[in-house]
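Novice: What follows is final-v3.cif; its format and atoms are mmCIF, N, CA and C atoms.
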data_coords
#
loop_
_atom_site.label_atom_id
_atom_site.label_comp_id
_atom_site.auth_asym_id
_atom_site.auth_seq_id
_atom_site.Cartn_x
_atom_site.Cartn_y
_atom_site.Cartn_z
N MET A 1 254.51 99.25 13.09
CA MET A 1 255.25 99.49 14.31
C MET A 1 255.65 98.15 14.92
N ILE A 2 256.85 98.13 15.45
CA ILE A 2 257.40 96.93 16.11
C ILE A 2 257.39 97.19 17.61
N ILE A 3 257.02 96.19 18.38
CA ILE A 3 257.08 96.29 19.84
C ILE A 3 258.04 95.23 20.34
N THR A 4 259.04 95.67 21.12
CA THR A 4 259.95 94.73 21.77
C THR A 4 259.76 94.85 23.27
N THR A 5 260.00 93.75 23.97
CA THR A 5 259.77 93.75 25.42
C THR A 5 261.04 93.52 26.23
N ASN A 6 262.17 93.38 25.53
CA ASN A 6 263.44 93.26 26.25
C ASN A 6 264.58 93.64 25.30
N GLU A 7 265.75 93.79 25.86
CA GLU A 7 266.91 94.22 25.07
C GLU A 7 267.23 93.24 23.94
N ASN A 8 267.15 91.96 24.21
CA ASN A 8 267.45 90.95 23.17
C ASN A 8 266.53 91.10 21.96
N GLU A 9 265.24 91.35 22.20
CA GLU A 9 264.31 91.54 21.10
C GLU A 9 264.66 92.80 20.29
N THR A 10 265.08 93.85 20.98
CA THR A 10 265.48 95.08 20.29
C THR A 10 266.70 94.82 19.42
N VAL A 11 267.66 94.06 19.94
CA VAL A 11 268.84 93.68 19.15
C VAL A 11 268.40 92.87 17.92
N LEU A 12 267.51 91.91 18.11
CA LEU A 12 267.06 91.07 17.00
C LEU A 12 266.35 91.88 15.91
N GLU A 13 265.55 92.86 16.31
CA GLU A 13 264.89 93.71 15.32
C GLU A 13 265.92 94.55 14.57
N GLY A 14 266.93 95.03 15.27
CA GLY A 14 268.02 95.75 14.61
C GLY A 14 268.75 94.86 13.63
N GLU A 15 268.97 93.61 14.02
CA GLU A 15 269.66 92.66 13.14
C GLU A 15 268.85 92.41 11.87
N LYS A 16 267.54 92.20 12.01
CA LYS A 16 266.68 92.00 10.82
C LYS A 16 266.75 93.20 9.90
N PHE A 17 266.69 94.38 10.47
CA PHE A 17 266.76 95.60 9.67
C PHE A 17 268.13 95.72 9.01
N GLY A 18 269.18 95.42 9.74
CA GLY A 18 270.54 95.52 9.20
C GLY A 18 270.76 94.64 7.98
N ARG A 19 270.09 93.51 7.93
CA ARG A 19 270.21 92.61 6.77
C ARG A 19 269.64 93.23 5.50
N ARG A 20 268.75 94.19 5.65
CA ARG A 20 268.12 94.86 4.50
C ARG A 20 268.96 96.00 3.94
N LEU A 21 269.93 96.44 4.71
CA LEU A 21 270.69 97.63 4.32
C LEU A 21 271.75 97.29 3.28
N THR A 22 272.05 98.28 2.47
CA THR A 22 273.08 98.14 1.45
C THR A 22 274.06 99.29 1.57
N SER A 23 275.15 99.18 0.87
CA SER A 23 276.15 100.24 0.84
C SER A 23 275.48 101.56 0.49
N GLY A 24 275.77 102.58 1.26
CA GLY A 24 275.20 103.89 1.02
C GLY A 24 273.94 104.18 1.82
N SER A 25 273.47 103.21 2.60
CA SER A 25 272.28 103.45 3.43
C SER A 25 272.62 104.41 4.57
N VAL A 26 271.67 105.27 4.88
CA VAL A 26 271.80 106.21 5.99
C VAL A 26 270.60 106.00 6.90
N VAL A 27 270.88 105.82 8.19
CA VAL A 27 269.83 105.54 9.16
C VAL A 27 269.83 106.65 10.21
N ALA A 28 268.74 107.41 10.25
CA ALA A 28 268.57 108.48 11.24
C ALA A 28 267.80 107.90 12.42
N LEU A 29 268.44 107.88 13.58
CA LEU A 29 267.80 107.33 14.79
C LEU A 29 267.25 108.46 15.66
N TYR A 30 266.00 108.31 16.05
CA TYR A 30 265.33 109.28 16.91
C TYR A 30 264.85 108.57 18.16
N GLY A 31 264.97 109.22 19.30
CA GLY A 31 264.51 108.65 20.56
C GLY A 31 265.21 109.32 21.71
N GLY A 32 264.57 109.32 22.84
CA GLY A 32 265.13 109.96 24.01
C GLY A 32 266.29 109.20 24.62
N LEU A 33 266.85 109.79 25.65
CA LEU A 33 267.95 109.18 26.38
C LEU A 33 267.49 107.84 26.94
N GLY A 34 268.25 106.78 26.65
CA GLY A 34 267.92 105.45 27.14
C GLY A 34 266.83 104.75 26.35
N ALA A 35 266.47 105.27 25.18
CA ALA A 35 265.40 104.67 24.38
C ALA A 35 265.82 103.34 23.77
N GLY A 36 267.11 103.15 23.55
CA GLY A 36 267.58 101.90 22.94
C GLY A 36 268.22 102.07 21.58
N LYS A 37 268.64 103.28 21.26
CA LYS A 37 269.25 103.56 19.96
C LYS A 37 270.53 102.75 19.76
N THR A 38 271.40 102.73 20.75
CA THR A 38 272.65 101.98 20.62
C THR A 38 272.38 100.48 20.62
N VAL A 39 271.43 100.03 21.39
CA VAL A 39 271.07 98.60 21.41
C VAL A 39 270.58 98.18 20.03
N PHE A 40 269.71 98.98 19.42
CA PHE A 40 269.22 98.70 18.08
C PHE A 40 270.38 98.68 17.08
N THR A 41 271.31 99.63 17.22
CA THR A 41 272.47 99.70 16.32
C THR A 41 273.36 98.48 16.50
N ARG A 42 273.46 97.96 17.71
CA ARG A 42 274.24 96.74 17.95
C ARG A 42 273.69 95.60 17.09
N GLY A 43 272.38 95.46 17.06
CA GLY A 43 271.76 94.44 16.22
C GLY A 43 271.93 94.73 14.74
N LEU A 44 271.80 95.99 14.36
CA LEU A 44 271.99 96.39 12.97
C LEU A 44 273.38 95.97 12.49
N ALA A 45 274.39 96.19 13.32
CA ALA A 45 275.76 95.78 12.97
C ALA A 45 275.84 94.27 12.76
N MET A 46 275.17 93.52 13.61
CA MET A 46 275.15 92.06 13.46
C MET A 46 274.52 91.69 12.12
N GLY A 47 273.46 92.39 11.73
CA GLY A 47 272.82 92.14 10.45
C GLY A 47 273.72 92.43 9.27
N LEU A 48 274.67 93.34 9.46
CA LEU A 48 275.66 93.64 8.43
C LEU A 48 276.83 92.65 8.44
N GLY A 49 276.82 91.74 9.42
CA GLY A 49 277.91 90.76 9.52
C GLY A 49 279.09 91.25 10.33
N ILE A 50 278.90 92.31 11.09
CA ILE A 50 279.98 92.88 11.91
C ILE A 50 279.95 92.21 13.28
N SER A 51 281.08 91.67 13.69
CA SER A 51 281.13 90.94 14.96
C SER A 51 281.66 91.80 16.12
N ASP A 52 282.23 92.97 15.83
CA ASP A 52 282.72 93.85 16.89
C ASP A 52 281.57 94.28 17.79
N PHE A 53 281.87 94.49 19.08
CA PHE A 53 280.87 94.99 20.01
C PHE A 53 280.63 96.47 19.72
N VAL A 54 279.39 96.84 19.50
CA VAL A 54 279.02 98.22 19.21
C VAL A 54 278.72 98.94 20.51
N SER A 55 279.40 100.06 20.71
CA SER A 55 279.17 100.88 21.90
C SER A 55 278.81 102.30 21.48
N SER A 56 278.29 103.05 22.41
CA SER A 56 277.87 104.42 22.12
C SER A 56 279.08 105.29 21.79
N PRO A 57 279.00 106.05 20.70
CA PRO A 57 280.10 106.97 20.35
C PRO A 57 279.90 108.37 20.93
N THR A 58 279.21 108.49 22.06
CA THR A 58 278.89 109.80 22.62
C THR A 58 280.11 110.69 22.78
N PHE A 59 281.21 110.15 23.25
CA PHE A 59 282.39 110.98 23.51
C PHE A 59 283.32 111.07 22.32
N THR A 60 283.22 110.14 21.38
CA THR A 60 284.11 110.15 20.22
C THR A 60 283.41 110.70 18.98
N ILE A 61 282.11 110.90 19.03
CA ILE A 61 281.24 111.38 17.94
C ILE A 61 280.99 110.30 16.89
N VAL A 62 282.02 109.56 16.47
CA VAL A 62 281.81 108.50 15.48
C VAL A 62 282.69 107.30 15.80
N ASN A 63 282.10 106.11 15.70
CA ASN A 63 282.84 104.86 15.78
C ASN A 63 282.75 104.17 14.43
N GLU A 64 283.86 103.62 13.97
CA GLU A 64 283.89 102.92 12.69
C GLU A 64 284.08 101.43 12.95
N TYR A 65 283.27 100.62 12.25
CA TYR A 65 283.34 99.17 12.38
C TYR A 65 283.55 98.59 10.98
N PRO A 66 284.69 97.91 10.77
CA PRO A 66 284.97 97.35 9.44
C PRO A 66 284.10 96.12 9.16
N GLY A 67 283.85 95.91 7.90
CA GLY A 67 283.10 94.75 7.45
C GLY A 67 282.96 94.79 5.95
N ASN A 68 282.27 93.81 5.37
CA ASN A 68 282.01 93.85 3.93
C ASN A 68 281.35 95.17 3.57
N ILE A 69 280.42 95.58 4.40
CA ILE A 69 279.86 96.94 4.34
C ILE A 69 280.20 97.56 5.69
N PRO A 70 281.09 98.54 5.72
CA PRO A 70 281.47 99.13 7.01
C PRO A 70 280.31 99.91 7.63
N LEU A 71 280.35 100.02 8.95
CA LEU A 71 279.36 100.78 9.70
C LEU A 71 280.04 102.01 10.30
N PHE A 72 279.43 103.17 10.08
CA PHE A 72 279.88 104.42 10.68
C PHE A 72 278.76 104.86 11.62
N HIS A 73 279.03 104.77 12.92
CA HIS A 73 278.03 105.00 13.96
C HIS A 73 278.28 106.35 14.62
N PHE A 74 277.40 107.29 14.37
CA PHE A 74 277.54 108.66 14.87
C PHE A 74 276.62 108.89 16.06
N ASP A 75 277.05 109.75 16.97
CA ASP A 75 276.21 110.20 18.08
C ASP A 75 276.29 111.72 18.13
N MET A 76 275.17 112.38 17.88
CA MET A 76 275.13 113.84 17.78
C MET A 76 274.78 114.52 19.10
N TYR A 77 274.66 113.75 20.17
CA TYR A 77 274.20 114.28 21.45
C TYR A 77 275.01 115.50 21.89
N ARG A 78 276.31 115.49 21.70
CA ARG A 78 277.17 116.57 22.18
C ARG A 78 277.39 117.68 21.15
N LEU A 79 276.86 117.52 19.96
CA LEU A 79 277.03 118.55 18.94
C LEU A 79 275.96 119.63 19.09
N GLU A 80 276.33 120.84 18.72
CA GLU A 80 275.42 121.97 18.83
C GLU A 80 274.58 122.18 17.58
N ASN A 81 275.13 121.80 16.40
CA ASN A 81 274.41 122.07 15.16
C ASN A 81 274.96 121.22 14.02
N ASP A 82 274.29 121.33 12.87
CA ASP A 82 274.65 120.56 11.68
C ASP A 82 276.09 120.83 11.24
N GLU A 83 276.51 122.08 11.34
CA GLU A 83 277.83 122.45 10.83
C GLU A 83 278.95 121.66 11.50
N GLU A 84 278.79 121.33 12.76
CA GLU A 84 279.81 120.54 13.45
C GLU A 84 279.95 119.16 12.84
N LEU A 85 278.84 118.58 12.37
CA LEU A 85 278.89 117.28 11.72
C LEU A 85 279.62 117.39 10.38
N PHE A 86 279.32 118.43 9.63
CA PHE A 86 280.00 118.63 8.34
C PHE A 86 281.50 118.89 8.56
N ASP A 87 281.84 119.55 9.66
CA ASP A 87 283.24 119.82 9.97
C ASP A 87 284.04 118.54 10.22
N ILE A 88 283.41 117.48 10.71
CA ILE A 88 284.14 116.24 10.95
C ILE A 88 284.12 115.32 9.73
N GLY A 89 283.57 115.80 8.62
CA GLY A 89 283.66 115.04 7.38
C GLY A 89 282.44 114.21 7.00
N TRP A 90 281.26 114.66 7.35
CA TRP A 90 280.03 113.93 7.03
C TRP A 90 279.97 113.53 5.56
N ASP A 91 280.26 114.47 4.67
CA ASP A 91 280.21 114.18 3.23
C ASP A 91 281.17 113.06 2.86
N ASP A 92 282.34 113.04 3.47
CA ASP A 92 283.31 111.98 3.19
C ASP A 92 282.80 110.62 3.65
N TYR A 93 282.16 110.57 4.82
CA TYR A 93 281.59 109.31 5.30
C TYR A 93 280.51 108.82 4.34
N LEU A 94 279.67 109.72 3.85
CA LEU A 94 278.62 109.32 2.90
C LEU A 94 279.20 108.69 1.65
N ASP A 95 280.38 109.17 1.24
CA ASP A 95 281.00 108.70 0.00
C ASP A 95 281.83 107.43 0.17
N ARG A 96 281.98 106.93 1.40
CA ARG A 96 282.86 105.78 1.65
C ARG A 96 282.20 104.43 1.43
N GLY A 97 280.94 104.41 1.08
CA GLY A 97 280.30 103.14 0.72
C GLY A 97 279.87 102.29 1.89
N GLY A 98 279.76 102.86 3.05
CA GLY A 98 279.30 102.10 4.20
C GLY A 98 277.87 102.42 4.54
N VAL A 99 277.47 102.04 5.74
CA VAL A 99 276.18 102.40 6.29
C VAL A 99 276.45 103.43 7.39
N CYS A 100 275.78 104.58 7.30
CA CYS A 100 275.90 105.61 8.33
C CYS A 100 274.67 105.57 9.22
N VAL A 101 274.89 105.39 10.52
CA VAL A 101 273.82 105.39 11.50
C VAL A 101 274.05 106.59 12.42
N VAL A 102 273.01 107.41 12.58
CA VAL A 102 273.15 108.66 13.33
C VAL A 102 272.17 108.69 14.49
N GLU A 103 272.71 108.61 15.72
CA GLU A 103 271.89 108.79 16.91
C GLU A 103 271.68 110.28 17.15
N TRP A 104 270.54 110.62 17.72
CA TRP A 104 270.16 112.01 17.97
C TRP A 104 270.08 112.78 16.65
N ALA A 105 269.48 112.14 15.65
CA ALA A 105 269.39 112.71 14.30
C ALA A 105 268.63 114.03 14.27
N ASP A 106 267.75 114.26 15.24
CA ASP A 106 267.00 115.50 15.27
C ASP A 106 267.89 116.73 15.43
N LYS A 107 269.12 116.55 15.89
CA LYS A 107 270.05 117.67 16.08
C LYS A 107 270.74 118.09 14.79
N VAL A 108 270.66 117.25 13.73
CA VAL A 108 271.38 117.55 12.49
C VAL A 108 270.50 117.33 11.24
N PRO A 109 269.35 117.99 11.16
CA PRO A 109 268.44 117.72 10.05
C PRO A 109 269.02 118.02 8.66
N LYS A 110 269.91 119.00 8.56
CA LYS A 110 270.50 119.34 7.25
C LYS A 110 271.35 118.20 6.71
N ALA A 111 271.88 117.37 7.59
CA ALA A 111 272.73 116.26 7.15
C ALA A 111 271.96 115.29 6.28
N PHE A 112 270.67 115.18 6.50
CA PHE A 112 269.89 114.19 5.78
C PHE A 112 269.36 114.71 4.46
N SER A 113 269.30 116.01 4.29
CA SER A 113 268.86 116.54 3.00
C SER A 113 269.88 116.22 1.92
N CYS A 114 271.17 116.19 2.26
CA CYS A 114 272.18 115.86 1.27
C CYS A 114 272.33 114.34 1.11
N ALA A 115 271.72 113.57 2.01
CA ALA A 115 271.81 112.11 1.91
C ALA A 115 270.59 111.52 1.21
N ALA A 116 269.59 112.33 0.94
CA ALA A 116 268.37 111.82 0.29
C ALA A 116 268.48 111.99 -1.21
N ASP A 117 269.25 111.12 -1.83
CA ASP A 117 269.42 111.15 -3.28
C ASP A 117 269.47 109.72 -3.79
N ASP A 118 269.69 109.55 -5.08
CA ASP A 118 269.67 108.21 -5.66
C ASP A 118 270.85 107.34 -5.20
N ALA A 119 271.90 107.94 -4.67
CA ALA A 119 273.07 107.17 -4.23
C ALA A 119 272.91 106.66 -2.79
N HIS A 120 271.95 107.20 -2.05
CA HIS A 120 271.77 106.85 -0.65
C HIS A 120 270.32 106.48 -0.37
N LYS A 121 270.15 105.51 0.48
CA LYS A 121 268.82 105.12 0.95
C LYS A 121 268.68 105.64 2.37
N LEU A 122 267.76 106.54 2.58
CA LEU A 122 267.61 107.19 3.88
C LEU A 122 266.43 106.60 4.64
N PHE A 123 266.70 106.15 5.86
CA PHE A 123 265.69 105.59 6.73
C PHE A 123 265.61 106.39 8.02
N ALA A 124 264.41 106.49 8.56
CA ALA A 124 264.21 107.06 9.88
C ALA A 124 263.74 105.94 10.80
N VAL A 125 264.41 105.80 11.94
CA VAL A 125 264.03 104.81 12.94
C VAL A 125 263.71 105.57 14.22
N ARG A 126 262.46 105.48 14.62
CA ARG A 126 262.02 106.16 15.83
C ARG A 126 261.79 105.10 16.91
N ILE A 127 262.49 105.28 18.03
CA ILE A 127 262.39 104.32 19.14
C ILE A 127 261.85 105.06 20.35
N GLU A 128 260.79 104.51 20.90
CA GLU A 128 260.16 105.14 22.06
C GLU A 128 260.11 104.13 23.20
N SER A 129 260.63 104.53 24.35
CA SER A 129 260.57 103.70 25.54
C SER A 129 259.17 103.81 26.13
N MET A 130 258.58 102.66 26.41
CA MET A 130 257.24 102.62 27.01
C MET A 130 257.31 102.18 28.48
N GLY A 131 258.49 102.32 29.07
CA GLY A 131 258.68 101.89 30.45
C GLY A 131 259.26 100.50 30.50
N ASP A 132 259.89 100.18 31.61
CA ASP A 132 260.59 98.90 31.75
C ASP A 132 261.48 98.69 30.53
N ASP A 133 261.37 97.54 29.87
CA ASP A 133 262.18 97.26 28.69
C ASP A 133 261.37 97.28 27.40
N THR A 134 260.12 97.73 27.45
CA THR A 134 259.26 97.75 26.27
C THR A 134 259.60 98.96 25.39
N ARG A 135 259.74 98.68 24.09
CA ARG A 135 260.08 99.72 23.11
C ARG A 135 259.11 99.64 21.94
N HIS A 136 258.71 100.79 21.44
CA HIS A 136 258.00 100.89 20.16
C HIS A 136 259.02 101.36 19.15
N ILE A 137 259.15 100.63 18.06
CA ILE A 137 260.12 100.96 17.01
C ILE A 137 259.36 101.15 15.71
N ASP A 138 259.55 102.30 15.09
CA ASP A 138 258.90 102.61 13.82
C ASP A 138 259.99 102.90 12.80
N ILE A 139 259.99 102.17 11.69
CA ILE A 139 260.99 102.34 10.64
C ILE A 139 260.29 102.83 9.39
N SER A 140 260.81 103.93 8.82
CA SER A 140 260.24 104.45 7.58
C SER A 140 261.34 104.87 6.63
N CYS A 141 260.99 104.88 5.36
CA CYS A 141 261.91 105.36 4.33
C CYS A 141 261.73 106.86 4.20
N GLU A 142 262.82 107.57 4.02
CA GLU A 142 262.77 109.01 3.93
C GLU A 142 263.21 109.53 2.58
N GLY A 143 263.57 108.66 1.65
CA GLY A 143 263.99 109.16 0.34
C GLY A 143 264.99 108.25 -0.33
N GLY A 144 265.64 108.75 -1.31
CA GLY A 144 266.65 108.00 -2.03
C GLY A 144 266.07 107.04 -3.03
N GLY A 145 264.81 107.19 -3.39
CA GLY A 145 264.21 106.34 -4.39
C GLY A 145 264.05 104.90 -3.95
N PHE A 146 264.07 104.64 -2.64
CA PHE A 146 263.96 103.27 -2.13
C PHE A 146 262.54 103.05 -1.64
N SER A 147 262.01 101.91 -1.93
CA SER A 147 260.66 101.57 -1.50
C SER A 147 260.73 100.54 -0.40
N CYS A 148 260.11 100.82 0.73
CA CYS A 148 260.10 99.89 1.87
C CYS A 148 259.27 98.66 1.55
#
Would you mind writing the file out in structure tokens?
Specialist:
Amino acid sequence: MIITTNENETVLEGEKFGRRLTSGSVVALYGGLGAGKTVFTRGLAMGLGISDFVSSPTFTIVNEYPGNIPLFHFDMYRLENDEELFDIGWDDYLDRGGVCVVEWADKVPKAFSCAADDAHKLFAVRIESMGDDTRHIDISCEGGGFSC
């Protein structure tokens, strides 16, 4: 488990993690409102070499950031179920060779069953706010034949 005590540390941990990701990686983010999912993703993008400012895709559902490995940043907060994610082309995003990061992953569990194969490395990142700016971050592998 990683403990961060401010936003900059959360960004830095995201950046370190982002450097480990490869084309086809899928990152399921779990955590409550204001836990730091977007802040962590901002660092993850930096680790991928993406210089664009990463913002929450709550109203757009997905933001795309170009790079050597593109980042597809999803926010499922406003979706009702897995089918809505598949309707916007989840399978197509998986096949585009980028990194897919999904906030509010608990709302779309079926999306990850099709991503846990040899072509994709599936990670779960659980972020818990401990008050103030302190965060507990737990990163685990969920499949795809990848060893942490």
Novice: If the PyMOL selection byres (((chain A and resi 67 and name CA) around 8) and name CA) is run on the structure shown, which residues does it catch, given as a list of chain:residue names?
Specialist: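 This file, filtered by the PyMOL selection byres (((chain A and resi 67 and name CA) around 8) and name CA), leaves A:Leu48, A:Gly49, A:Ile50, A:Tyr65, A:Pro66, A:Asn68, A:Ile69, A:Pro70, A:Leu71.
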Novice: Specify as JSON, numbers by chain each residue included when the PyMOL selection byres ((chain A and resi 81-92) around 7) is applied to this file.
Specialist: {"A": [78, 79, 80, 93, 94, 95, 96, 97, 107, 108, 109, 110, 111]}
Novice: When the PyMOL selection byres ((chain A and resi 10-12) around 7) is applied to the structure above, which residues does it catch, written out as a VMD selection string?
Specialist: chain A and resid 4 to 9 13 to 17 39 to 44
Novice: Run DSSP on the backbone and grab whatever in chain A lands in strand (DSSP E); send it over as a VMD selection string.
Specialist: chain A and resid 2 to 4 25 to 30 62 to 65 71 to 75 99 to 103 121 to 129 135 to 143
Novice: I'd like to know which of A:Phe53, A:His136, A:Gly31, A:Cys100 is closest to A:His73, using all atoms listed in the file.
Specialist: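 Closest to A:His73 of all the choices is A:Cys100.
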Novice: Write down as a tab-separated table (two decimals) with N, CA and C atoms, in the frame of the given file the residues of stretch 5-119 of chain A whose backbone DSSP state falls under alpha helix (DSSP H).
Specialist:
chain	number	residue	atom	x	y	z
A	7	GLU	N	265.75	93.79	25.86
A	7	GLU	CA	266.91	94.22	25.07
A	7	GLU	C	267.23	93.24	23.94
A	8	ASN	N	267.15	91.96	24.21
A	8	ASN	CA	267.45	90.95	23.17
A	8	ASN	C	266.53	91.10	21.96
A	9	GLU	N	265.24	91.35	22.20
A	9	GLU	CA	264.31	91.54	21.10
A	9	GLU	C	264.66	92.80	20.29
A	10	THR	N	265.08	93.85	20.98
A	10	THR	CA	265.48	95.08	20.29
A	10	THR	C	266.70	94.82	19.42
A	11	VAL	N	267.66	94.06	19.94
A	11	VAL	CA	268.84	93.68	19.15
A	11	VAL	C	268.40	92.87	17.92
A	12	LEU	N	267.51	91.91	18.11
A	12	LEU	CA	267.06	91.07	17.00
A	12	LEU	C	266.35	91.88	15.91
A	13	GLU	N	265.55	92.86	16.31
A	13	GLU	CA	264.89	93.71	15.32
A	13	GLU	C	265.92	94.55	14.57
A	14	GLY	N	266.93	95.03	15.27
A	14	GLY	CA	268.02	95.75	14.61
A	14	GLY	C	268.75	94.86	13.63
A	15	GLU	N	268.97	93.61	14.02
A	15	GLU	CA	269.66	92.66	13.14
A	15	GLU	C	268.85	92.41	11.87
A	16	LYS	N	267.54	92.20	12.01
A	16	LYS	CA	266.68	92.00	10.82
A	16	LYS	C	266.75	93.20	9.90
A	17	PHE	N	266.69	94.38	10.47
A	17	PHE	CA	266.76	95.60	9.67
A	17	PHE	C	268.13	95.72	9.01
A	18	GLY	N	269.18	95.42	9.74
A	18	GLY	CA	270.54	95.52	9.20
A	18	GLY	C	270.76	94.64	7.98
A	19	ARG	N	270.09	93.51	7.93
A	19	ARG	CA	270.21	92.61	6.77
A	19	ARG	C	269.64	93.23	5.50
A	20	ARG	N	268.75	94.19	5.65
A	20	ARG	CA	268.12	94.86	4.50
A	20	ARG	C	268.96	96.00	3.94
A	37	LYS	N	268.64	103.28	21.26
A	37	LYS	CA	269.25	103.56	19.96
A	37	LYS	C	270.53	102.75	19.76
A	38	THR	N	271.40	102.73	20.75
A	38	THR	CA	272.65	101.98	20.62
A	38	THR	C	272.38	100.48	20.62
A	39	VAL	N	271.43	100.03	21.39
A	39	VAL	CA	271.07	98.60	21.41
A	39	VAL	C	270.58	98.18	20.03
A	40	PHE	N	269.71	98.98	19.42
A	40	PHE	CA	269.22	98.70	18.08
A	40	PHE	C	270.38	98.68	17.08
A	41	THR	N	271.31	99.63	17.22
A	41	THR	CA	272.47	99.70	16.32
A	41	THR	C	273.36	98.48	16.50
A	42	ARG	N	273.46	97.96	17.71
A	42	ARG	CA	274.24	96.74	17.95
A	42	ARG	C	273.69	95.60	17.09
A	43	GLY	N	272.38	95.46	17.06
A	43	GLY	CA	271.76	94.44	16.22
A	43	GLY	C	271.93	94.73	14.74
A	44	LEU	N	271.80	95.99	14.36
A	44	LEU	CA	271.99	96.39	12.97
A	44	LEU	C	273.38	95.97	12.49
A	45	ALA	N	274.39	96.19	13.32
A	45	ALA	CA	275.76	95.78	12.97
A	45	ALA	C	275.84	94.27	12.76
A	46	MET	N	275.17	93.52	13.61
A	46	MET	CA	275.15	92.06	13.46
A	46	MET	C	274.52	91.69	12.12
A	47	GLY	N	273.46	92.39	11.73
A	47	GLY	CA	272.82	92.14	10.45
A	47	GLY	C	273.72	92.43	9.27
A	82	ASP	N	274.29	121.33	12.87
A	82	ASP	CA	274.65	120.56	11.68
A	82	ASP	C	276.09	120.83	11.24
A	83	GLU	N	276.51	122.08	11.34
A	83	GLU	CA	277.83	122.45	10.83
A	83	GLU	C	278.95	121.66	11.50
A	84	GLU	N	278.79	121.33	12.76
A	84	GLU	CA	279.81	120.54	13.45
A	84	GLU	C	279.95	119.16	12.84
A	85	LEU	N	278.84	118.58	12.37
A	85	LEU	CA	278.89	117.28	11.72
A	85	LEU	C	279.62	117.39	10.38
A	86	PHE	N	279.32	118.43	9.63
A	86	PHE	CA	280.00	118.63	8.34
A	86	PHE	C	281.50	118.89	8.56
A	87	ASP	N	281.84	119.55	9.66
A	87	ASP	CA	283.24	119.82	9.97
A	87	ASP	C	284.04	118.54	10.22
A	90	TRP	N	281.26	114.66	7.35
A	90	TRP	CA	280.03	113.93	7.03
A	90	TRP	C	279.97	113.53	5.56
A	91	ASP	N	280.26	114.47	4.67
A	91	ASP	CA	280.21	114.18	3.23
A	91	ASP	C	281.17	113.06	2.86
A	92	ASP	N	282.34	113.04	3.47
A	92	ASP	CA	283.31	111.98	3.19
A	92	ASP	C	282.80	110.62	3.65
A	93	TYR	N	282.16	110.57	4.82
A	93	TYR	CA	281.59	109.31	5.30
A	93	TYR	C	280.51	108.82	4.34
A	94	LEU	N	279.67	109.72	3.85
A	94	LEU	CA	278.62	109.32	2.90
A	94	LEU	C	279.20	108.69	1.65
A	109	PRO	N	269.35	117.99	11.16
A	109	PRO	CA	268.44	117.72	10.05
A	109	PRO	C	269.02	118.02	8.66
A	110	LYS	N	269.91	119.00	8.56
A	110	LYS	CA	270.50	119.34	7.25
A	110	LYS	C	271.35	118.20	6.71
A	111	ALA	N	271.88	117.37	7.59
A	111	ALA	CA	272.73	116.26	7.15
A	111	ALA	C	271.96	115.29	6.28
A	112	PHE	N	270.67	115.18	6.50
A	112	PHE	CA	269.89	114.19	5.78
A	112	PHE	C	269.36	114.71	4.46
A	113	SER	N	269.30	116.01	4.29
A	113	SER	CA	268.86	116.54	3.00
A	113	SER	C	269.88	116.22	1.92
Novice: For a test of reading the model, state the distance in Å between atom CA of A:Ala105 and atom CA of A:Ile61, rounded to one decimal.
Specialist: 12.5 Å
Novice: Quick check, in Å to one decimal: how far apart do atom N of A:Asn63 and atom C of A:Ala28 lie?
Specialist: 14.8 Å
Novice: By how many Å are atom C of A:Ser56 and atom C of A:Gly34 apart?
Specialist: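 Atom C of A:Ser56 sits 13.1 Å away from atom C of A:Gly34.
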Novice: Looking at only N, CA and C atoms, which of A:Cys141, A:Met130, A:Ala45, A:Ala124 is the one that sits closest to A:Leu29?
Specialist: A:Ala124
Novice: Kindly indicate which residue among A:Tyr77, A:Phe112, A:Lys121, A:Arg126 lies nearest to A:Tyr30, using all atoms listed in the file for the distances.
Specialist: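 Closest candidate: A:Arg126.
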Novice: Please, which residues are within 6.5 Å of (260.3, 102.3, 15.7) by the file's coordinates, counting only N, CA and C atoms, and could they come as a ChimeraX atom specification?
Specialist: /A:1-2,125-128,136-139
Novice: Dump as a ChimeraX atom specification all residues having an atom at most 6 Å from (274.6, 111.4, 17.7), computed in the file's coordinates with only C-alpha atoms.
Specialist: /A:74-77,102-104
Novice: Counting only N, CA and C atoms, figure out which residue out of A:Ser25, A:Asp132, A:Ala35, A:Glu64 gets nearest to A:Val101.
Specialist: A:Ser25
Novice: Please define a box with edges along x, y and z of the file around all atoms of stretch 86-101 of chain A given in the file, extend it by 3 Å on each side, and return its centre and edge lengths in Å to one decimal, as AutoDock Vina command-line options.
Specialist:
--center_x 279.0 --center_y 110.9 --center_z 6.2 --size_x 16.3 --size_y 23.8 --size_z 18.4
Novice: With distances taken over all atoms listed in the file, which of A:Ser129, A:Ser140, A:Thr58, A:Val99 is nearest to A:Gly36?
Specialist: A:Ser129
